[in-house]
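Chemist: Have a peek at my_file37.txt (compact mmCIF, C-alpha atoms and all ligand atoms).
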```
# COMPACT_ATOMS: atom_id res chain seq x y z
CA MET D 1 45.31 6.86 -2.93
CA THR D 2 46.79 3.39 -2.41
CA GLU D 3 44.59 0.33 -1.93
CA ARG D 4 45.80 0.11 1.69
CA HIS D 5 44.70 3.73 2.31
CA ALA D 6 41.29 3.07 0.79
CA ASP D 7 40.89 0.01 3.05
CA LEU D 8 41.90 1.98 6.13
CA LEU D 9 39.46 4.79 5.29
CA HIS D 10 36.69 2.28 4.66
CA ASN D 11 37.38 0.53 7.99
CA GLU D 12 37.49 3.87 9.80
CA ALA D 13 34.20 4.98 8.22
CA THR D 14 32.55 1.69 9.22
CA THR D 15 33.96 1.86 12.76
CA SER D 16 32.70 5.41 13.23
CA ARG D 17 29.20 4.25 12.35
CA VAL D 18 29.27 1.20 14.64
CA HIS D 19 26.09 1.16 16.66
CA SER D 20 27.35 -1.08 19.46
CA SER D 21 29.79 -3.91 20.20
CA HIS D 22 28.89 -7.19 21.92
CA ASP D 23 30.33 -10.50 22.85
CA VAL D 24 27.63 -12.49 20.99
CA ALA D 25 25.02 -11.72 18.31
CA ILE D 26 22.04 -14.04 17.87
CA ILE D 27 20.41 -13.71 14.45
CA GLY D 28 16.83 -14.98 14.38
CA ALA D 29 14.13 -14.92 17.08
CA GLY D 30 12.19 -18.06 16.24
CA PRO D 31 11.65 -20.62 19.04
CA ILE D 32 15.25 -21.84 19.08
CA GLY D 33 16.83 -18.37 18.84
CA LEU D 34 14.61 -17.33 21.75
CA GLU D 35 15.53 -20.43 23.75
CA LEU D 36 19.21 -19.61 23.29
CA ALA D 37 18.59 -15.99 24.30
CA VAL D 38 17.05 -17.16 27.59
CA CYS D 39 20.06 -19.44 28.20
CA LEU D 40 22.56 -16.62 27.52
CA LYS D 41 20.61 -14.13 29.61
CA ARG D 42 20.48 -16.56 32.51
CA ALA D 43 24.26 -17.03 32.13
CA GLY D 44 24.80 -13.24 32.17
CA LEU D 45 26.45 -13.02 28.74
CA ASP D 46 26.56 -9.76 26.78
CA TYR D 47 24.58 -10.51 23.63
CA ILE D 48 22.48 -8.66 21.06
CA HIS D 49 19.54 -10.30 19.29
CA PHE D 50 18.06 -9.49 15.86
CA ASP D 51 15.06 -10.58 13.86
CA ALA D 52 14.23 -9.45 10.34
CA HIS D 53 10.53 -9.40 11.29
CA GLN D 54 8.58 -9.91 14.53
CA ILE D 55 9.51 -12.75 16.92
CA GLY D 56 8.25 -16.18 15.82
CA TYR D 57 7.89 -14.84 12.28
CA THR D 58 7.75 -18.30 10.64
CA MET D 59 4.59 -19.14 12.60
CA THR D 60 2.97 -15.82 11.61
CA TRP D 61 2.57 -16.89 7.99
CA TRP D 62 1.26 -20.37 8.75
CA PRO D 63 -2.38 -20.83 7.66
CA HIS D 64 -4.69 -19.46 10.36
CA ASN D 65 -5.58 -22.02 13.04
CA THR D 66 -3.06 -24.65 11.99
CA TYR D 67 -2.30 -27.23 14.67
CA PHE D 68 1.25 -28.34 15.40
CA PHE D 69 2.02 -31.97 14.74
CA SER D 70 4.40 -31.79 17.71
CA THR D 71 2.90 -32.12 21.16
CA THR D 72 3.23 -29.31 23.71
CA GLU D 73 6.04 -30.79 25.84
CA ARG D 74 8.20 -30.95 22.71
CA LEU D 75 7.56 -27.32 21.78
CA ALA D 76 8.16 -25.80 25.22
CA ILE D 77 11.44 -23.88 25.52
CA ALA D 78 13.83 -22.93 28.31
CA GLY D 79 12.00 -25.12 30.83
CA VAL D 80 8.80 -23.07 30.70
CA PRO D 81 5.77 -25.37 30.33
CA ILE D 82 2.99 -24.87 27.82
CA GLN D 83 -0.31 -25.22 29.63
CA ASN D 84 -3.75 -25.13 28.04
CA ASN D 85 -7.20 -26.18 29.10
CA HIS D 86 -7.49 -29.21 26.82
CA GLN D 87 -4.03 -30.88 27.00
CA GLN D 88 -4.08 -31.31 23.23
CA ARG D 89 -1.87 -29.98 20.48
CA ILE D 90 -1.79 -26.21 20.05
CA THR D 91 -2.09 -23.90 17.05
CA GLY D 92 0.53 -21.56 15.61
CA GLU D 93 -1.39 -18.64 17.19
CA ASP D 94 -1.27 -20.32 20.62
CA TYR D 95 2.47 -20.80 20.24
CA LEU D 96 3.02 -17.16 19.28
CA ALA D 97 1.20 -16.12 22.46
CA TYR D 98 3.48 -18.46 24.42
CA LEU D 99 6.60 -17.02 22.74
CA ARG D 100 5.46 -13.46 23.55
CA ALA D 101 5.01 -14.51 27.18
CA ILE D 102 8.55 -15.97 27.20
CA VAL D 103 9.98 -12.67 25.92
CA GLU D 104 8.06 -10.73 28.58
CA GLN D 105 8.85 -13.16 31.40
CA PHE D 106 12.60 -13.02 30.74
CA ASP D 107 12.49 -9.43 29.51
CA LEU D 108 14.47 -10.32 26.41
CA ALA D 109 15.75 -7.37 24.38
CA ILE D 110 15.26 -8.12 20.68
CA ASN D 111 15.91 -5.79 17.77
CA THR D 112 12.88 -6.83 15.72
CA TYR D 113 12.33 -5.63 12.15
CA GLU D 114 16.10 -5.33 11.84
CA PRO D 115 17.28 -7.79 9.16
CA VAL D 116 20.93 -8.74 9.14
CA ALA D 117 21.94 -8.15 5.54
CA ALA D 118 25.65 -8.88 5.68
CA LEU D 119 28.34 -10.19 7.92
CA ALA D 120 32.10 -9.97 7.52
CA ARG D 121 34.97 -11.45 9.48
CA THR D 122 37.39 -9.11 11.26
CA PRO D 123 40.52 -9.98 13.28
CA GLU D 124 38.46 -9.59 16.51
CA GLY D 125 35.33 -11.39 15.32
CA PHE D 126 32.65 -10.10 12.97
CA THR D 127 30.99 -6.94 11.68
CA LEU D 128 27.26 -7.17 11.06
CA THR D 129 25.36 -4.88 8.73
CA THR D 130 21.66 -4.55 9.44
CA GLN D 131 18.93 -2.78 7.51
CA PRO D 132 16.16 -1.51 9.78
CA LEU D 133 13.72 0.99 8.25
CA ALA D 134 15.61 3.86 9.90
CA GLY D 135 18.73 3.11 7.82
CA GLU D 136 21.76 0.85 7.75
CA ARG D 137 23.59 0.04 10.99
CA HIS D 138 26.81 -1.74 11.84
CA TYR D 139 27.66 -3.81 14.90
CA HIS D 140 30.78 -5.56 16.12
CA CYS D 141 30.64 -8.90 17.90
CA ARG D 142 33.11 -11.57 18.83
CA ARG D 143 30.82 -14.51 18.11
CA ILE D 144 27.68 -15.06 16.07
CA VAL D 145 24.88 -17.60 16.38
CA LEU D 146 22.69 -18.04 13.32
CA ALA D 147 19.13 -19.11 14.24
CA ILE D 148 17.57 -18.07 10.93
CA GLY D 149 15.51 -21.21 10.22
CA ASP D 150 15.10 -22.79 6.82
CA MET D 151 11.88 -21.33 5.43
CA HIS D 152 12.69 -17.96 3.91
CA ARG D 153 10.78 -18.44 0.65
CA PRO D 154 8.63 -20.93 -1.28
CA ASN D 155 10.07 -23.47 -3.70
CA TYR D 156 8.96 -21.87 -6.94
CA LEU D 157 7.82 -24.20 -9.73
CA GLN D 158 9.35 -21.88 -12.35
CA ILE D 159 6.38 -22.19 -14.71
CA PRO D 160 4.64 -19.44 -16.71
CA GLY D 161 1.77 -17.78 -14.82
CA GLU D 162 3.10 -18.63 -11.34
CA ASP D 163 3.09 -14.92 -10.47
CA LEU D 164 -0.53 -14.24 -11.51
CA PRO D 165 -2.69 -12.58 -8.83
CA HIS D 166 -4.99 -15.59 -8.33
CA VAL D 167 -1.97 -17.85 -7.61
CA SER D 168 -0.53 -18.13 -4.12
CA HIS D 169 2.30 -20.07 -2.48
CA TYR D 170 0.97 -19.28 0.99
CA PHE D 171 -2.31 -20.67 2.31
CA ARG D 172 -3.79 -17.95 4.50
CA ASP D 173 -7.38 -18.90 5.31
CA PRO D 174 -10.05 -21.19 3.79
CA HIS D 175 -12.47 -18.26 3.76
CA ASP D 176 -10.59 -16.81 0.76
CA TYR D 177 -11.86 -19.69 -1.40
CA PHE D 178 -15.49 -19.91 -0.21
CA ARG D 179 -17.73 -20.91 -3.16
CA LYS D 180 -14.79 -20.73 -5.56
CA ARG D 181 -12.96 -23.37 -7.59
CA LEU D 182 -9.54 -24.01 -6.11
CA LEU D 183 -6.76 -26.13 -7.59
CA ILE D 184 -4.17 -27.14 -4.98
CA ILE D 185 -0.82 -28.27 -6.33
CA GLY D 186 1.01 -30.64 -3.99
CA GLY D 187 0.35 -33.81 -2.03
CA ARG D 188 2.24 -33.53 1.23
CA ASN D 189 0.58 -32.74 4.51
CA SER D 190 0.14 -28.99 3.94
CA ALA D 191 -1.57 -29.52 0.59
CA VAL D 192 -3.84 -32.25 1.96
CA GLU D 193 -4.81 -30.23 5.05
CA ALA D 194 -5.50 -27.19 2.88
CA ALA D 195 -7.70 -29.28 0.58
CA LEU D 196 -9.78 -30.63 3.46
CA ARG D 197 -10.12 -27.28 5.22
CA CYS D 198 -11.06 -25.37 2.06
CA TRP D 199 -13.57 -28.02 0.99
CA ARG D 200 -15.19 -27.98 4.47
CA ALA D 201 -15.31 -24.18 4.26
CA GLY D 202 -17.30 -24.40 1.02
CA ALA D 203 -14.73 -24.33 -1.78
CA GLN D 204 -14.78 -26.68 -4.77
CA VAL D 205 -11.37 -28.28 -4.41
CA THR D 206 -9.15 -30.33 -6.72
CA LEU D 207 -5.69 -31.63 -5.82
CA SER D 208 -2.99 -32.13 -8.44
CA TYR D 209 -0.10 -34.26 -7.17
CA ARG D 210 2.98 -35.39 -9.08
CA ARG D 211 2.84 -38.82 -7.45
CA ALA D 212 0.19 -41.49 -8.03
CA GLN D 213 -0.69 -41.66 -4.34
CA PHE D 214 -0.05 -39.92 -1.03
CA ASP D 215 2.95 -40.88 1.04
CA GLU D 216 1.99 -41.88 4.58
CA GLN D 217 5.37 -40.59 5.79
CA THR D 218 4.49 -37.03 4.80
CA VAL D 219 0.78 -36.83 5.64
CA LYS D 220 -0.40 -36.79 9.28
CA HIS D 221 -1.82 -40.19 10.19
CA TRP D 222 -5.24 -38.81 11.13
CA VAL D 223 -5.48 -36.67 7.97
CA LEU D 224 -4.73 -39.42 5.44
CA PRO D 225 -7.93 -41.48 5.88
CA ASP D 226 -9.97 -38.27 5.75
CA ILE D 227 -8.59 -37.17 2.35
CA GLN D 228 -8.84 -40.70 0.98
CA ALA D 229 -12.49 -40.88 2.02
CA GLN D 230 -13.29 -37.53 0.37
CA ILE D 231 -11.54 -38.49 -2.86
CA GLU D 232 -13.37 -41.81 -2.93
CA ALA D 233 -16.66 -40.07 -2.35
CA GLY D 234 -15.85 -37.59 -5.11
CA THR D 235 -16.22 -34.54 -2.86
CA ILE D 236 -12.60 -33.50 -3.45
CA GLY D 237 -11.19 -33.93 -6.95
CA PHE D 238 -7.84 -35.70 -7.35
CA LEU D 239 -5.54 -35.54 -10.38
CA PRO D 240 -2.78 -38.03 -9.46
CA ALA D 241 0.55 -38.15 -11.32
CA THR D 242 0.09 -34.75 -12.91
CA LEU D 243 2.53 -31.87 -13.28
CA PRO D 244 1.48 -28.26 -13.85
CA VAL D 245 3.26 -26.70 -16.82
CA GLU D 246 1.45 -23.37 -17.23
CA ILE D 247 -1.06 -21.24 -15.36
CA THR D 248 -3.36 -18.80 -17.16
CA PRO D 249 -6.00 -16.52 -15.59
CA THR D 250 -8.65 -19.22 -16.15
CA HIS D 251 -6.86 -22.58 -16.45
CA VAL D 252 -3.93 -24.69 -15.33
CA ALA D 253 -2.29 -26.90 -17.95
CA LEU D 254 -1.25 -30.26 -16.45
CA LEU D 255 0.86 -33.00 -18.03
CA PRO D 256 1.16 -36.66 -16.98
CA ALA D 257 4.03 -36.90 -14.48
CA THR D 258 5.15 -40.46 -15.11
CA PRO D 259 7.12 -41.81 -18.06
CA GLU D 260 4.66 -44.75 -18.29
CA GLN D 261 2.08 -42.21 -19.45
CA PRO D 262 3.59 -41.00 -22.73
CA ASP D 263 0.60 -38.81 -23.62
CA ASN D 264 1.87 -35.24 -23.92
CA THR D 265 -1.46 -33.54 -24.38
CA PRO D 266 -2.02 -31.30 -21.36
CA ILE D 267 -5.23 -31.47 -19.37
CA LEU D 268 -6.67 -27.95 -19.17
CA HIS D 269 -8.13 -27.65 -15.70
CA GLU D 270 -10.48 -24.71 -15.21
CA THR D 271 -10.16 -22.92 -11.86
CA ASP D 272 -10.63 -19.58 -10.09
CA PHE D 273 -7.65 -19.87 -7.74
CA VAL D 274 -4.42 -21.85 -7.54
CA LEU D 275 -2.63 -22.70 -4.31
CA ILE D 276 0.88 -24.05 -4.74
CA ASN D 277 2.11 -26.14 -1.81
CA SER D 278 5.61 -27.01 -2.94
CA GLY D 279 7.40 -26.42 0.36
CA PHE D 280 9.83 -23.74 1.47
CA ARG D 281 13.56 -23.24 1.46
CA GLY D 282 16.11 -21.27 3.43
CA GLU D 283 18.34 -18.47 2.18
CA GLN D 284 21.99 -19.26 2.84
CA ASP D 285 23.56 -15.89 1.88
CA LEU D 286 24.81 -15.17 5.41
CA LEU D 287 26.44 -18.60 5.64
CA GLU D 288 28.08 -18.08 2.27
CA MET D 289 29.28 -14.57 3.14
CA ALA D 290 30.95 -15.88 6.29
CA GLY D 291 32.65 -18.71 4.39
CA VAL D 292 30.72 -21.65 5.91
CA THR D 293 31.24 -24.81 3.84
CA LEU D 294 27.93 -26.10 2.43
CA ARG D 295 27.81 -29.74 1.38
CA GLY D 296 25.65 -32.07 -0.71
CA GLU D 297 22.29 -31.53 -2.35
CA ASN D 298 20.86 -30.20 0.92
CA ARG D 299 23.75 -27.71 1.14
CA THR D 300 24.26 -28.76 4.76
CA PRO D 301 26.61 -26.46 6.69
CA LEU D 302 29.81 -27.96 8.07
CA PHE D 303 29.82 -27.78 11.88
CA ASN D 304 31.15 -29.53 14.96
CA PRO D 305 28.21 -31.54 16.40
CA GLU D 306 29.59 -31.17 19.95
CA THR D 307 29.65 -27.37 19.94
CA MET D 308 27.57 -26.37 16.87
CA GLU D 309 30.52 -24.20 15.75
CA THR D 310 30.92 -24.10 11.98
CA ASN D 311 34.17 -24.34 10.06
CA VAL D 312 34.28 -20.53 10.53
CA PRO D 313 35.66 -20.02 14.06
CA GLY D 314 33.23 -18.11 16.25
CA LEU D 315 30.18 -18.76 14.02
CA TYR D 316 27.62 -21.16 15.52
CA LEU D 317 24.29 -22.56 14.31
CA VAL D 318 21.09 -23.48 16.14
CA GLY D 319 17.65 -24.62 14.98
CA THR D 320 16.54 -25.77 11.57
CA VAL D 321 19.22 -23.75 9.71
CA VAL D 322 21.54 -26.59 10.77
CA ALA D 323 19.96 -29.01 8.28
CA GLY D 324 20.62 -26.86 5.19
CA ILE D 325 17.90 -26.80 2.55
CA GLN D 326 16.05 -29.77 4.04
CA GLN D 327 13.56 -30.99 1.47
CA ARG D 328 12.58 -33.93 3.65
CA TYR D 329 12.47 -32.43 7.10
CA SER D 330 14.79 -33.96 9.66
CA LEU D 331 15.12 -31.08 12.12
CA PHE D 332 12.16 -29.64 13.99
CA ILE D 333 11.73 -27.63 17.15
CA GLU D 334 11.77 -30.76 19.33
CA ASN D 335 15.19 -31.98 18.20
CA SER D 336 16.76 -28.51 18.10
CA HIS D 337 16.53 -27.58 21.82
CA GLU D 338 19.79 -29.39 22.32
CA HIS D 339 21.53 -27.00 19.89
CA ALA D 340 20.83 -24.15 22.31
CA GLY D 341 22.34 -26.26 25.10
CA LYS D 342 25.48 -27.07 23.13
CA VAL D 343 26.09 -23.45 22.10
CA THR D 344 25.48 -22.24 25.65
CA ALA D 345 27.97 -24.81 26.93
CA ALA D 346 30.50 -23.78 24.25
CA LEU D 347 30.12 -20.05 25.05
CA THR D 348 29.83 -20.22 28.84
CA GLY D 349 31.38 -23.55 29.83
CA HIS D 350 28.08 -24.70 31.43
CA TRP D 351 25.14 -26.72 30.12
CA PRO D 352 21.97 -24.65 30.73
CA THR D 353 19.94 -25.65 33.76
CA GLN D 354 16.62 -25.48 31.89
CA LEU D 355 16.08 -26.45 28.31
CA GLY D 356 13.06 -27.64 26.34
CA SER D 357 10.17 -28.72 28.55
CA VAL D 358 10.11 -28.75 32.37
CA ALA D 359 12.64 -31.35 33.55
CA SER D 360 10.04 -33.84 34.79
CA ARG D 361 8.49 -33.96 31.30
CA ASN D 362 11.71 -34.06 29.31
CA TYR D 363 11.83 -36.90 26.84
CA ASP D 364 15.23 -37.21 25.19
CA LEU D 365 17.22 -34.18 26.24
CA ARG D 366 20.32 -34.59 28.37
CA LEU D 367 18.30 -35.08 31.51
CA GLU D 368 21.23 -36.30 33.58
CA GLN D 369 23.14 -33.12 32.72
CA ILE D 370 20.16 -30.96 33.59
CA LYS D 371 19.90 -32.72 36.95
CA THR D 372 23.56 -32.37 37.81
CA ASN D 373 23.69 -28.62 37.09
C1 LIG Y 401 2.37 -25.31 8.38
C2 LIG Y 401 3.60 -25.70 9.16
C3 LIG Y 401 3.50 -26.60 10.21
C4 LIG Y 401 4.63 -26.94 10.97
N1 LIG Y 401 4.49 -27.82 12.01
C5 LIG Y 401 5.57 -28.08 12.80
C6 LIG Y 401 5.48 -28.96 13.92
O1 LIG Y 401 4.44 -29.56 14.20
N2 LIG Y 401 6.58 -29.14 14.71
C7 LIG Y 401 7.77 -28.51 14.42
O2 LIG Y 401 8.73 -28.67 15.19
N3 LIG Y 401 7.90 -27.71 13.35
C8 LIG Y 401 6.83 -27.48 12.53
N4 LIG Y 401 6.97 -26.67 11.46
C9 LIG Y 401 8.29 -26.10 11.17
C10 LIG Y 401 8.61 -24.98 12.18
O3 LIG Y 401 8.05 -23.79 11.68
C11 LIG Y 401 10.09 -24.94 12.37
O4 LIG Y 401 10.51 -26.20 12.89
C12 LIG Y 401 10.51 -23.86 13.39
O5 LIG Y 401 9.94 -22.61 13.05
C13 LIG Y 401 12.03 -23.79 13.41
O6 LIG Y 401 12.44 -22.91 14.43
P1 LIG Y 401 13.78 -22.07 14.29
O7 LIG Y 401 13.86 -21.24 15.54
O8 LIG Y 401 14.91 -22.94 13.93
O9 LIG Y 401 13.56 -21.12 13.01
P2 LIG Y 401 12.37 -20.15 12.64
O10 LIG Y 401 11.19 -20.35 13.49
O11 LIG Y 401 12.18 -20.29 11.15
O12 LIG Y 401 12.95 -18.72 13.00
C14 LIG Y 401 13.91 -18.09 12.20
C15 LIG Y 401 13.83 -16.58 12.49
O13 LIG Y 401 14.97 -15.98 11.89
C16 LIG Y 401 14.59 -14.74 11.33
N5 LIG Y 401 15.56 -14.42 10.27
C17 LIG Y 401 15.79 -15.11 9.14
N6 LIG Y 401 16.76 -14.49 8.43
C18 LIG Y 401 17.14 -13.40 9.14
C19 LIG Y 401 18.09 -12.36 8.93
N7 LIG Y 401 18.85 -12.31 7.82
N8 LIG Y 401 18.21 -11.37 9.86
C20 LIG Y 401 17.45 -11.41 11.00
N9 LIG Y 401 16.52 -12.38 11.23
C21 LIG Y 401 16.38 -13.35 10.32
C22 LIG Y 401 13.17 -15.01 10.79
O14 LIG Y 401 12.44 -13.80 10.65
C23 LIG Y 401 12.60 -15.92 11.87
O15 LIG Y 401 11.89 -15.22 12.88
C24 LIG Y 401 5.88 -26.36 10.65
C25 LIG Y 401 5.99 -25.46 9.58
C26 LIG Y 401 4.86 -25.14 8.83
C27 LIG Y 401 5.01 -24.17 7.67
```
Would you encode the structure as structure tokens?

Modeler:
Amino acid sequence: MTERHADLLHNEATTSRVHSSHDVAIIGAGPIGLELAVCLKRAGLDYIHFDAHQIGYTMTWWPHNTYFFSTTERLAIAGVPIQNNHQQRITGEDYLAYLRAIVEQFDLAINTYEPVAALARTPEGFTLTTQPLAGERHYHCRRIVLAIGDMHRPNYLQIPGEDLPHVSHYFRDPHDYFRKRLLIIGGRNSAVEAALRCWRAGAQVTLSYRRAQFDEQTVKHWVLPDIQAQIEAGTIGFLPATLPVEITPTHVALLPATPEQPDNTPILHETDFVLINSGFRGEQDLLEMAGVTLRGENRTPLFNPETMETNVPGLYLVGTVVAGIQQRYSLFIENSHEHAGKVTAALTGHWPTQLGSVASRNYDLRLEQIKTN
């Protein structure tokens, strides 16, 4: 059999198993993927929508009862307000309830628990391969929008013992550490909030941070004085400028983090549990498979800022995936609404009538465009 024959047979086999064909495929049903879905549904476009997990998956693994830093008008999508009885910030759980209500209100069809494992370019557009539990499926679509976020997995420290059962990269609930010794590794907001919550819940907490002091740019302004007061009072232990080098079932070995401290004898810190708060990073396999150019240390995808179309024709990006592997966050929900507007305009020729918060509360979206539509 010639190579050409083999290719033809392969293409035929794939085509015969194609589940369905669509104009657009949205991959990812986080807040921005959902906002885009509402825009495309309102515009009457034929699209299919996938999520590897449940909608809003990123918020499902946040620590229980974590409050957004962003205020409600900045988190609202598709012009649907977030109302609550206290007019304060909301938790991840509140937001998930809001996102479920959005899906029900607009009756959005979403293939949840159907991860997109591969995508390939074809002369007409793209073939997607998905892997739901029921078995592999294939879809054809002319255009793709990636809304996959940037938090697929933790930044691993790559040190011995990181995979031990008492070590976690995800903070679930302070209750887990009640009356236990907990070493938290990290010093950005998540680590500091975890330290305060676990200590207030009755854990004996120590923080190990690679820097000598906290950075006020990365810790919420109302949390910083709280942690500083606890450290000063000695209620929460602080090991500044220390780097973990090994974790054992009973100890964490820490070395001085700064060159000014030449002492190479590790401190052996005794603990029951270790919580590593070293941030998260996105998987970029789908971008690579499609041939999107990734640049710089953040591996930022190349795209046209007017349309959000990448260097791969027909492949668009919305949400935090746009920023690459952002280690200092620059894209959030509040400054990603506009992506959904730009892609909608590129795909339909019209800027969506409702985006982000209700128009009267919009802050920096293209208000004049919303008004004129
Ligand atoms: C503790 C914590 C607090 C935060 N606080 C704030 C805050 O105050 N304000 C703020 O704006 N942001 C905050 N963030 C970040 C926030 O989670 C992101 O800004 C937001 O989730 C980005 O939305 P998104 O729609 O771009 O992507 P995501 O919400 O990450 O959604 C991506 C979706 O894509 C799906 N997906 C990924 N890969 C695939 C695939 N191959 N196939 C199918 N589906 C796939 C995922 O399952 C997920 O549902 C916080 C994050 C954490 C961890």

Chemist: Give me the chain D side of the contact with ligand LIG 401 (chain Y), cut-off 6 Å, one line per residue showing its nearest atom pair and distance in Å at one decimal, counting all atoms listed in the file, sorted by chain and residue number, as a tab-separated table.

Modeler:
```
residue	atom	partner	partner_atom	distance
D:Ile27	CA	Y:LIG401	C20	5.1
D:Gly28	CA	Y:LIG401	O13	3.3
D:Ala29	CA	Y:LIG401	O15	4.8
D:Gly30	CA	Y:LIG401	O12	3.4
D:Pro31	CA	Y:LIG401	O7	4.2
D:Ile32	CA	Y:LIG401	O7	3.9
D:Gly33	CA	Y:LIG401	O7	5.3
D:Phe50	CA	Y:LIG401	C20	5.3
D:Asp51	CA	Y:LIG401	N9	3.5
D:Ala52	CA	Y:LIG401	N9	3.8
D:His53	CA	Y:LIG401	O14	4.8
D:Ile55	CA	Y:LIG401	O15	5.3
D:Gly56	CA	Y:LIG401	O15	4.8
D:Tyr57	CA	Y:LIG401	O15	4.1
D:Thr58	CA	Y:LIG401	O11	4.9
D:Met59	CA	Y:LIG401	O3	5.9
D:Trp62	CA	Y:LIG401	C1	5.1
D:Phe68	CA	Y:LIG401	O1	3.6
D:Phe69	CA	Y:LIG401	O1	3.5
D:Ser70	CA	Y:LIG401	O1	4.2
D:Pro115	CA	Y:LIG401	N8	3.8
D:Val116	CA	Y:LIG401	N8	3.9
D:Ala117	CA	Y:LIG401	N7	5.7
D:Ala147	CA	Y:LIG401	C14	5.7
D:Ile148	CA	Y:LIG401	O13	3.5
D:Gly149	CA	Y:LIG401	O9	3.4
D:Asp150	CA	Y:LIG401	O11	5.8
D:Met151	CA	Y:LIG401	O11	5.8
D:Gly319	CA	Y:LIG401	O8	3.4
D:Thr320	CA	Y:LIG401	O8	4.0
D:Phe332	CA	Y:LIG401	O2	3.8
D:Ile333	CA	Y:LIG401	O2	3.7
D:Glu334	CA	Y:LIG401	O2	5.5
```

Chemist: Between CA of Gly161 in chain D and CA of His251 in chain D, measure the distance and give it in Å to one decimal.

Modeler: 10.0 Å

Chemist: Could you please give me, as a ChimeraX atom specification, the residues of protein, DNA or RNA lying at most 12 Å from (29.9, -2.1, 15.2) in the coordinate frame of the file, considering only C-alpha atoms?

Modeler: /D:11-23,25,48,119-120,122,124-130,136-142

Chemist: Which is closer to Asn304 in chain D than all the others in D:Trp199, D:Ala233, D:Leu317, D:Pro225, using only C-alpha atoms?

Modeler: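 Smallest distance to Asn304 in chain D is found for D:Leu317.
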
Chemist: Determine the nearest neighbour of Ser336 in chain D from the options D:Ala191, D:Leu268, D:Ala290, D:Leu75, counting only C-alpha atoms.

Modeler: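 Between D:Ala191, D:Leu268, D:Ala290, D:Leu75, the residue approaching Ser336 in chain D most closely is D:Leu75.
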
Chemist: Which residues, written as a VMD selection string, have at least one atom at most 7 Å from Asn189 in chain D, with only C-alpha atoms counted and residues fewer than 2 positions away on the same chain left out?

Modeler: chain D and resid 187 191 to 193 218 to 220

Chemist: If I take CA of Thr235 in chain D and CA of Arg181 in chain D, how far is one from the other in Å, to one decimal?

Modeler: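 Separation of CA of Thr235 in chain D and CA of Arg181 in chain D: 12.6 Å.
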
Chemist: Tell me, in Å to one decimal, how far CA of Pro132 in chain D is from CA of Thr112 in chain D.

Modeler: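 About the pair CA of Pro132 in chain D and CA of Thr112 in chain D: they are 8.6 Å apart.
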
Chemist: Counting only C-alpha atoms, what is within 6 Å of Pro266 in chain D, bar same-chain residues fewer than 4 positions away, as an NGL selection string?

Modeler: :D and (253-255)

Chemist: Counting all atoms listed in the file, figure out which residue out of D:Ile231, D:Ala203, D:Leu182, D:Ala37 gets nearest to Asp107 in chain D.

Modeler: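 Between D:Ile231, D:Ala203, D:Leu182, D:Ala37, the residue approaching Asp107 in chain D most closely is D:Ala37.
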
Chemist: From the options D:Glu283, D:Glu232, D:Glu306, D:Glu162, which residue's atoms come nearest to Pro244 in chain D, counting all atoms listed in the file?

Modeler: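 The closest residue to Pro244 in chain D is D:Glu162.
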
Chemist: Could you tell me, as a VMD selection string, which residues have any atom at most 12 Å from (-5.8, -29.4, -2.3), counting all atoms listed in the file?

Modeler: chain D and resid 171 174 177 181 to 200 203 to 209 227 230 to 231 235 to 240 273 to 278

Chemist: Rank D:Tyr98, D:Gly296, D:Leu146, D:Ala345 by their smallest atom-to-atom distance to His49 in chain D, using all atoms listed in the file, and report the top residue only.

Modeler: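 Ranking D:Tyr98, D:Gly296, D:Leu146, D:Ala345 by distance to His49 in chain D, first place goes to D:Leu146.
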
Chemist: Kindly provide the residues of range 55-165 of chain D that approach range 351-358 of chain D to within 7 Å, each paired with its closest atom pair and their distance in Å to one decimal, based on only C-alpha atoms, listed by chain and increasing number, as a tab-separated table.

Modeler:
```
residue	atom	partner	partner_atom	distance
D:Glu73	CA	D:Ser357	CA	5.4
D:Arg74	CA	D:Ser357	CA	6.6
D:Ala76	CA	D:Ser357	CA	4.9
D:Ile77	CA	D:Gly356	CA	4.2
D:Ala78	CA	D:Leu355	CA	4.2
D:Gly79	CA	D:Val358	CA	4.4
D:Val80	CA	D:Val358	CA	6.1
D:Pro81	CA	D:Ser357	CA	5.8
```
